[in-house]
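What's in protein-v4.cif: mmCIF, C-alpha atoms
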data_data
loop_
_atom_site.label_atom_id
_atom_site.label_comp_id
_atom_site.auth_asym_id
_atom_site.auth_seq_id
_atom_site.Cartn_x
_atom_site.Cartn_y
_atom_site.Cartn_z
CA MET A 1 166.31 161.96 78.55
CA ASP A 2 169.52 159.96 79.13
CA LYS A 3 168.33 157.13 81.38
CA VAL A 4 171.56 155.15 81.54
CA VAL A 5 172.72 154.24 85.05
CA ALA A 6 176.34 153.24 85.56
CA THR A 7 175.82 150.00 87.48
CA ALA A 8 173.10 147.53 88.36
CA ALA A 9 173.74 148.20 92.05
CA GLU A 10 173.01 151.89 91.53
CA ALA A 11 169.90 151.09 89.48
CA VAL A 12 168.28 149.09 92.31
CA ALA A 13 169.70 151.05 95.24
CA ASP A 14 166.32 152.58 96.14
CA VAL A 15 164.31 149.32 96.05
CA PRO A 16 163.22 149.02 99.69
CA ASP A 17 162.38 145.99 101.78
CA GLY A 18 158.76 145.03 101.18
CA ALA A 19 158.62 146.41 97.64
CA SER A 20 156.52 144.84 94.89
CA LEU A 21 158.34 143.82 91.70
CA ALA A 22 157.18 142.81 88.23
CA VAL A 23 159.96 140.69 86.74
CA GLY A 24 160.26 139.69 83.10
CA GLY A 25 161.33 136.33 81.78
CA PHE A 26 159.95 132.88 81.07
CA GLY A 27 161.92 129.94 82.37
CA LEU A 28 165.48 131.11 81.76
CA ALA A 29 164.70 133.25 78.67
CA GLY A 30 164.81 137.01 79.09
CA VAL A 31 165.44 136.98 82.83
CA PRO A 32 167.11 140.14 84.26
CA ASN A 33 169.73 138.11 86.13
CA VAL A 34 172.17 140.98 86.68
CA LEU A 35 169.58 143.22 88.32
CA ILE A 36 168.29 140.32 90.44
CA GLN A 37 171.84 139.57 91.60
CA ALA A 38 172.30 143.24 92.49
CA LEU A 39 169.17 143.09 94.67
CA TYR A 40 170.48 139.94 96.32
CA GLU A 41 173.85 141.52 97.07
CA ARG A 42 172.11 144.59 98.48
CA GLY A 43 170.21 142.39 100.94
CA THR A 44 166.73 143.55 99.95
CA GLY A 45 163.98 141.31 101.36
CA GLY A 46 160.30 140.95 102.08
CA LEU A 47 159.57 141.24 98.36
CA SER A 48 156.26 140.65 96.61
CA VAL A 49 157.06 139.35 93.13
CA VAL A 50 154.88 139.20 90.04
CA SER A 51 156.43 136.93 87.43
CA ASN A 52 155.45 133.96 85.27
CA ASN A 53 157.67 131.69 87.36
CA CYS A 54 160.04 132.15 90.27
CA GLY A 55 163.32 131.19 88.68
CA ALA A 56 164.76 127.85 87.68
CA MET A 57 167.78 125.87 88.86
CA ASP A 58 169.94 128.43 90.71
CA SER A 59 169.18 131.27 88.34
CA GLY A 60 166.94 134.33 88.23
CA LEU A 61 164.44 134.80 91.04
CA ALA A 62 165.52 131.45 92.50
CA VAL A 63 168.51 133.34 93.95
CA LEU A 64 166.23 135.59 96.01
CA LEU A 65 163.81 132.76 96.79
CA ALA A 66 166.48 130.47 98.21
CA ALA A 67 167.74 133.32 100.39
CA GLY A 68 164.28 133.85 101.89
CA ARG A 69 163.95 137.33 100.40
CA ILE A 70 160.53 136.74 98.75
CA THR A 71 157.33 136.62 100.81
CA ARG A 72 154.70 136.54 98.07
CA VAL A 73 154.57 135.39 94.45
CA THR A 74 151.90 136.13 91.86
CA GLY A 75 152.57 133.81 88.94
CA SER A 76 151.28 131.02 86.76
CA TYR A 77 153.91 128.28 86.96
CA ILE A 78 155.79 126.48 89.72
CA GLY A 79 157.27 123.86 87.41
CA ALA A 80 160.33 121.96 88.56
CA ASN A 81 161.41 124.57 91.12
CA LYS A 82 161.54 122.30 94.17
CA GLU A 83 162.41 125.09 96.60
CA PHE A 84 159.44 127.13 95.39
CA ALA A 85 157.13 124.15 95.96
CA ARG A 86 158.70 123.40 99.35
CA GLN A 87 158.29 126.94 100.67
CA TYR A 88 154.72 127.11 99.38
CA LEU A 89 153.63 123.81 100.95
CA ALA A 90 155.48 124.61 104.19
CA GLY A 91 153.55 127.84 104.62
CA GLU A 92 156.67 130.00 104.23
CA LEU A 93 155.50 131.65 101.02
CA GLU A 94 152.21 133.14 99.86
CA VAL A 95 151.44 132.18 96.26
CA GLU A 96 148.67 133.44 93.98
CA LEU A 97 148.55 131.07 91.00
CA ILE A 98 146.50 132.41 88.10
CA PRO A 99 146.02 131.42 84.44
CA GLN A 100 149.00 132.45 82.33
CA GLY A 101 147.02 134.54 79.86
CA THR A 102 145.25 136.28 82.72
CA LEU A 103 148.60 137.14 84.29
CA ALA A 104 149.81 138.63 81.01
CA GLU A 105 146.66 140.73 80.60
CA ARG A 106 146.66 141.87 84.24
CA LEU A 107 150.18 143.25 83.76
CA ARG A 108 149.32 144.86 80.44
CA ALA A 109 146.09 146.34 81.80
CA GLY A 110 147.85 147.81 84.81
CA GLY A 111 150.44 149.44 82.58
CA ALA A 112 147.75 150.80 80.26
CA GLY A 113 145.81 152.37 83.13
CA ILE A 114 142.95 149.85 82.99
CA PRO A 115 141.92 148.98 86.57
CA ALA A 116 140.06 145.76 85.74
CA PHE A 117 138.69 143.64 82.91
CA TYR A 118 136.45 140.62 82.32
CA THR A 119 137.76 137.32 80.97
CA PRO A 120 136.24 133.85 80.46
CA ALA A 121 139.39 132.18 81.83
CA GLY A 122 138.64 130.60 85.19
CA VAL A 123 134.84 130.76 85.11
CA GLY A 124 133.35 127.78 86.95
CA THR A 125 136.57 127.07 88.83
CA GLN A 126 138.15 128.18 92.11
CA VAL A 127 139.81 130.99 90.17
CA ALA A 128 136.41 132.68 90.11
CA GLU A 129 134.66 130.99 93.02
CA GLY A 130 137.52 131.35 95.51
CA GLY A 131 139.17 128.78 97.73
CA LEU A 132 142.53 128.44 95.99
CA PRO A 133 145.24 128.02 98.63
CA TRP A 134 147.32 131.19 98.82
CA ARG A 135 149.16 130.09 101.94
CA TYR A 136 149.35 126.73 103.72
CA ASP A 137 149.72 126.36 107.48
CA GLY A 138 152.67 124.00 107.25
CA SER A 139 150.71 120.91 108.27
CA GLY A 140 148.59 120.40 105.17
CA GLY A 141 145.82 122.85 106.00
CA VAL A 142 145.01 126.09 104.22
CA ALA A 143 145.83 129.22 106.21
CA LEU A 144 144.73 131.72 103.55
CA ALA A 145 142.53 131.09 100.51
CA SER A 146 141.64 133.24 97.53
CA PRO A 147 138.41 135.24 97.76
CA PRO A 148 135.56 134.87 95.24
CA LYS A 149 135.52 137.23 92.28
CA GLU A 150 132.70 139.01 90.54
CA VAL A 151 131.20 137.08 87.60
CA ARG A 152 128.95 138.72 85.01
CA GLU A 153 127.18 137.60 81.88
CA PHE A 154 127.86 139.20 78.51
CA ASP A 155 126.04 137.99 75.39
CA GLY A 156 125.04 134.77 77.09
CA ALA A 157 128.51 133.87 78.38
CA GLN A 158 130.02 134.16 81.86
CA TYR A 159 133.11 136.26 82.54
CA VAL A 160 135.16 136.80 85.70
CA LEU A 161 136.46 140.20 86.80
CA GLU A 162 140.24 140.43 87.10
CA ARG A 163 142.21 143.41 88.43
CA GLY A 164 145.08 145.08 86.59
CA ILE A 165 148.49 144.84 88.27
CA ARG A 166 150.75 147.76 89.18
CA THR A 167 154.01 147.27 91.06
CA ASP A 168 156.50 149.58 92.72
CA PHE A 169 159.33 148.48 90.42
CA ALA A 170 159.85 146.32 87.35
CA LEU A 171 163.02 144.51 86.27
CA VAL A 172 163.40 143.45 82.65
CA ARG A 173 166.05 142.34 80.16
CA ALA A 174 166.30 143.44 76.53
CA ALA A 175 168.60 142.50 73.67
CA ARG A 176 169.00 146.14 72.69
CA GLY A 177 168.06 149.48 74.16
CA ASP A 178 168.94 153.12 73.69
CA ARG A 179 169.63 155.90 76.16
CA HIS A 180 165.98 157.00 75.99
CA GLY A 181 164.79 153.59 77.19
CA ASN A 182 163.39 152.27 73.89
CA LEU A 183 163.79 148.49 74.00
CA VAL A 184 164.05 145.57 71.57
CA PHE A 185 163.65 142.03 72.94
CA GLY A 186 165.34 139.01 71.40
CA LYS A 187 163.11 136.23 70.12
CA SER A 188 161.51 134.23 72.98
CA SER A 189 162.69 136.74 75.57
CA ARG A 190 159.89 138.91 74.25
CA ASN A 191 157.58 137.04 76.58
CA PHE A 192 156.57 138.76 79.80
CA ASN A 193 159.25 141.47 79.56
CA PRO A 194 157.21 144.19 77.77
CA LEU A 195 154.22 143.51 80.03
CA ALA A 196 156.26 143.58 83.24
CA ALA A 197 157.92 146.81 82.12
CA MET A 198 154.53 148.44 81.56
CA ALA A 199 153.29 147.44 85.01
CA GLY A 200 156.16 148.94 87.02
CA ARG A 201 155.98 152.49 88.33
CA ILE A 202 159.78 152.55 88.08
CA THR A 203 161.12 150.20 85.42
CA VAL A 204 164.77 149.19 85.20
CA ALA A 205 166.04 147.50 82.05
CA GLU A 206 169.31 145.66 81.63
CA VAL A 207 170.31 145.67 77.95
CA GLU A 208 172.77 143.44 76.16
CA GLU A 209 173.60 146.18 73.66
CA LEU A 210 173.34 149.91 74.33
CA ALA A 211 172.44 152.04 71.31
CA GLU A 212 172.52 155.78 70.84
CA PRO A 213 169.22 157.63 70.28
CA GLY A 214 168.09 157.24 66.68
CA GLU A 215 170.07 154.05 66.03
CA ILE A 216 167.04 151.83 66.59
CA ASP A 217 164.46 151.98 63.81
CA PRO A 218 161.21 153.20 65.42
CA ASP A 219 159.36 150.37 63.68
CA ALA A 220 161.66 147.88 65.44
CA VAL A 221 160.95 149.13 68.97
CA HIS A 222 159.02 146.58 71.04
CA LEU A 223 158.60 148.82 74.08
CA PRO A 224 158.78 152.63 73.93
CA GLY A 225 160.97 154.45 76.40
CA ILE A 226 158.01 156.11 78.12
CA PHE A 227 157.68 152.91 80.17
CA VAL A 228 161.37 152.77 81.18
CA GLN A 229 163.06 154.96 83.78
CA ARG A 230 166.53 153.38 84.04
CA VAL A 231 168.82 151.52 81.64
CA VAL A 232 171.86 149.42 82.61
CA ALA A 233 174.28 148.38 79.87
CA LEU A 234 175.62 144.85 80.40
CA THR A 235 179.23 143.89 79.83
CA PRO A 236 179.91 141.45 76.96
CA GLU A 237 180.44 138.70 79.54
CA GLN A 238 177.13 139.44 81.28
CA ALA A 239 175.29 139.58 77.96
CA ALA A 240 176.72 136.22 76.88
CA ASP A 241 175.89 134.44 80.15
CA LYS A 242 172.73 132.59 79.15
CA LYS A 243 171.92 129.31 80.83
CA ILE A 244 170.03 126.41 79.27
CA GLU A 245 167.41 124.81 81.50
CA ARG A 246 167.24 121.47 79.71
CA ARG A 247 169.90 120.70 77.15
CA THR A 248 168.54 118.22 74.61
CA THR A 249 170.70 116.59 71.97
CA SER A 250 170.22 113.74 69.55
CA ALA A 251 172.68 111.28 68.09
CA PRO A 252 173.82 112.07 64.53
CA SER A 253 172.19 110.05 61.79
CA ALA A 254 174.22 107.23 60.28
CA ARG A 255 175.95 108.07 57.01
CA GLY A 256 173.57 107.68 54.07
CA THR A 257 170.39 107.78 56.17
CA VAL A 258 167.85 110.49 56.79
CA GLY A 259 167.08 111.34 60.42
CA SER A 260 163.49 110.79 61.49
#
Could you express the structure from this file as structure tokens?
Amino acid sequence: MDKVVATAAEAVADVPDGASLAVGGFGLAGVPNVLIQALYERGTGGLSVVSNNCGAMDSGLAVLLAAGRITRVTGSYIGANKEFARQYLAGELEVELIPQGTLAERLRAGGAGIPAFYTPAGVGTQVAEGGLPWRYDGSGGVALASPPKEVREFDGAQYVLERGIRTDFALVRAARGDRHGNLVFGKSSRNFNPLAAMAGRITVAEVEELAEPGEIDPDAVHLPGIFVQRVVALTPEQAADKKIERRTTSAPSARGTVGS
């Protein structure tokens, strides 16, 4: 029942080249940076990643991406990641872009043992009809496009069939976790982390605070330990290392005035 592993390197030591990974996080919030760095240092490559985005700045999955360790991404957001866009357009990276809510439900469904589901998202578009560029040929042409999906009518409305996602491993980050793998996520980091954890056949969680069994109120648990196989306790320095993607400040209001 004690799932604590001594180091991040030990926790990802059996992730092979070519593995599929579900990775939690949204932007820079809730990203398992320590586990990702351990994979980078181990030299693991040829990875198929399922994540909302593929890192930002020089953080998170961007570390593996820049090193050429990722061959395929299933996600919903490229954003301002210029290297992600460059590799995609150059034909170096296969990318399956899907609606964000669909991605969330595909992960959840896979973890819940649901092989497929119908959703209205994407009906009447290339999401359902096929033709979305998955890989470019490097000269502006499409080398691989998405196939069409089944569409059915329910109660007079059209729905597209989407498959649940299961991956070999999942990497997530939690604010608190106990030795049994029960996890609590902090604020906005409770984004894709629970869903990614559910989808992985072997889920590894880095936790900012390690609790003993029974210290976490069962009503406060966001993800039960049944979905988690390994727990890595972060050092205080690792837990405090949280980057800000876009720091926004405003000038203080003049004395005697009310800021608008």
Distance query region 65-70 of chain A at most 7 Å, all atoms listed in the file, self and fewer than 5 positions along chain excluded, as a PDB file with C-alpha atoms, in the frame of the given file:
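What landed in result28.pdb:
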ATOM      1  CA  THR A  44     166.730 143.550  99.950  1.00  0.00           C
ATOM      2  CA  GLY A  45     163.980 141.310 101.360  1.00  0.00           C
ATOM      3  CA  GLY A  46     160.300 140.950 102.080  1.00  0.00           C
ATOM      4  CA  LEU A  47     159.570 141.240  98.360  1.00  0.00           C
ATOM      5  CA  SER A  48     156.260 140.650  96.610  1.00  0.00           C
ATOM      6  CA  GLU A  83     162.410 125.090  96.600  1.00  0.00           C
TER       7      GLU A  83
END
Item to check | Picked residues, the PyMOL selection byres ((chain A and resi 168) around 9), expected as a ChimeraX atom specification | outcome: /A:15,19-22,166-167,169-170,199-203
Fewer than 6 positions away in the same chain doesn't count, so skip those; otherwise give me all residues within 12 Å of Asp217 (chain A), counting only C-alpha atoms, as a tab-separated table (two decimals) with C-alpha atoms, in the coordinates of the input.
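Below is the file around_32.tsv, written as the result:
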chain	number	residue	atom	x	y	z
A	176	ARG	CA	169.00	146.14	72.69
A	177	GLY	CA	168.06	149.48	74.16
A	178	ASP	CA	168.94	153.12	73.69
A	182	ASN	CA	163.39	152.27	73.89
A	183	LEU	CA	163.79	148.49	74.00
A	184	VAL	CA	164.05	145.57	71.57
A	211	ALA	CA	172.44	152.04	71.31
A	224	PRO	CA	158.78	152.63	73.93
Residue members of the PyMOL selection byres ((chain A and resi 195) around 8) in the file shown, as a ChimeraX atom specification | /A:24,104,107-108,111,192-194,196-199
ask   = Counting all atoms listed in the file, which of A:Ala121, A:Arg173, A:Ala90, A:Pro16 gets nearest to Lys242 (chain A)?
value =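 Of the candidates, the smallest distance to Lys242 (chain A) is held by A:Arg173.
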Listed atoms of region 36-39 of chain A, axis-aligned box, 5 Å per side: centre and edge lengths to one decimal in Å, as lines of an AutoDock Vina configuration file?
center_x = 170.3
center_y = 141.4
center_z = 92.6
size_x = 14.0
size_y = 13.7
size_z = 14.2
- Can you turn the PyMOL selection byres ((chain A and resi 55) around 12) into a concrete residue list for this file, as a PyMOL selection string? chain A and resi 23-33+36+49-54+56-66+70+73+75+77-85+243+245
Go ahead and dump the residues you just picked, C-alpha atoms, as a compact mmCIF listing (two decimals), in the coordinates of the input.
# COMPACT_ATOMS: atom_id res chain seq x y z
CA VAL A 23 159.96 140.69 86.74
CA GLY A 24 160.26 139.69 83.10
CA GLY A 25 161.33 136.33 81.78
CA PHE A 26 159.95 132.88 81.07
CA GLY A 27 161.92 129.94 82.37
CA LEU A 28 165.48 131.11 81.76
CA ALA A 29 164.70 133.25 78.67
CA GLY A 30 164.81 137.01 79.09
CA VAL A 31 165.44 136.98 82.83
CA PRO A 32 167.11 140.14 84.26
CA ASN A 33 169.73 138.11 86.13
CA ILE A 36 168.29 140.32 90.44
CA VAL A 49 157.06 139.35 93.13
CA VAL A 50 154.88 139.20 90.04
CA SER A 51 156.43 136.93 87.43
CA ASN A 52 155.45 133.96 85.27
CA ASN A 53 157.67 131.69 87.36
CA CYS A 54 160.04 132.15 90.27
CA ALA A 56 164.76 127.85 87.68
CA MET A 57 167.78 125.87 88.86
CA ASP A 58 169.94 128.43 90.71
CA SER A 59 169.18 131.27 88.34
CA GLY A 60 166.94 134.33 88.23
CA LEU A 61 164.44 134.80 91.04
CA ALA A 62 165.52 131.45 92.50
CA VAL A 63 168.51 133.34 93.95
CA LEU A 64 166.23 135.59 96.01
CA LEU A 65 163.81 132.76 96.79
CA ALA A 66 166.48 130.47 98.21
CA ILE A 70 160.53 136.74 98.75
CA VAL A 73 154.57 135.39 94.45
CA GLY A 75 152.57 133.81 88.94
CA TYR A 77 153.91 128.28 86.96
CA ILE A 78 155.79 126.48 89.72
CA GLY A 79 157.27 123.86 87.41
CA ALA A 80 160.33 121.96 88.56
CA ASN A 81 161.41 124.57 91.12
CA LYS A 82 161.54 122.30 94.17
CA GLU A 83 162.41 125.09 96.60
CA PHE A 84 159.44 127.13 95.39
CA ALA A 85 157.13 124.15 95.96
CA LYS A 243 171.92 129.31 80.83
CA GLU A 245 167.41 124.81 81.50
Hey, can you check how far CA of Ile98 (chain A) sits from CA of Arg247 (chain A)?
->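 Taking CA of Ile98 (chain A) and CA of Arg247 (chain A), their separation equals 28.4 Å.
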Just the number, please: distance in Å from CA of Ser189 (chain A) to CA of Val172 (chain A), one decimal.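 Going from CA of Ser189 (chain A) over to CA of Val172 (chain A) covers 9.8 Å.
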If you take all atoms listed in the file and a cut-off of 12 Å, which residues of region 152-234 of chain A touch region 127-138 of chain A, and what are their nearest atom pairs and distances in Å to one decimal, in chain and number order, as a Markdown table?
| residue | atom | partner | partner_atom | distance |
| --- | --- | --- | --- | --- |
| A:Arg152 | CA | A:Ala128 | CA | 10.9 |
| A:Gln158 | CA | A:Ala128 | CA | 10.5 |
| A:Tyr159 | CA | A:Ala128 | CA | 9.0 |
| A:Val160 | CA | A:Ala128 | CA | 6.2 |
| A:Leu161 | CA | A:Ala128 | CA | 8.2 |
| A:Glu162 | CA | A:Ala128 | CA | 9.2 |
Worksheet entry | Atomic separation - CA of Tyr88 (chain A) relative to CA of Gly122 (chain A), Å |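 It comes out at 21.7 Å.
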(request) Please provide the set of residues having any atom within 6 Å of Leu93 (chain A), restricted to all atoms listed in the file, with same-chain residues fewer than 3 positions apart removed, written as a count of residues only. (result) 4
When you look at Ala6 (chain A) with a cut-off of 10 Å (counting all atoms listed in the file), what residues show up, excluding the ones that are within fewer than 3 positions of it in the same chain? I need them as a ChimeraX atom specification. /A:3,9-11,230-234
Measuring between all atoms listed in the file, which one of A:Phe227, A:Ile114, A:Ala109, A:Thr74 shows the shortest distance to Leu97 (chain A)?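 Selected residue with least distance to Leu97 (chain A): A:Thr74.
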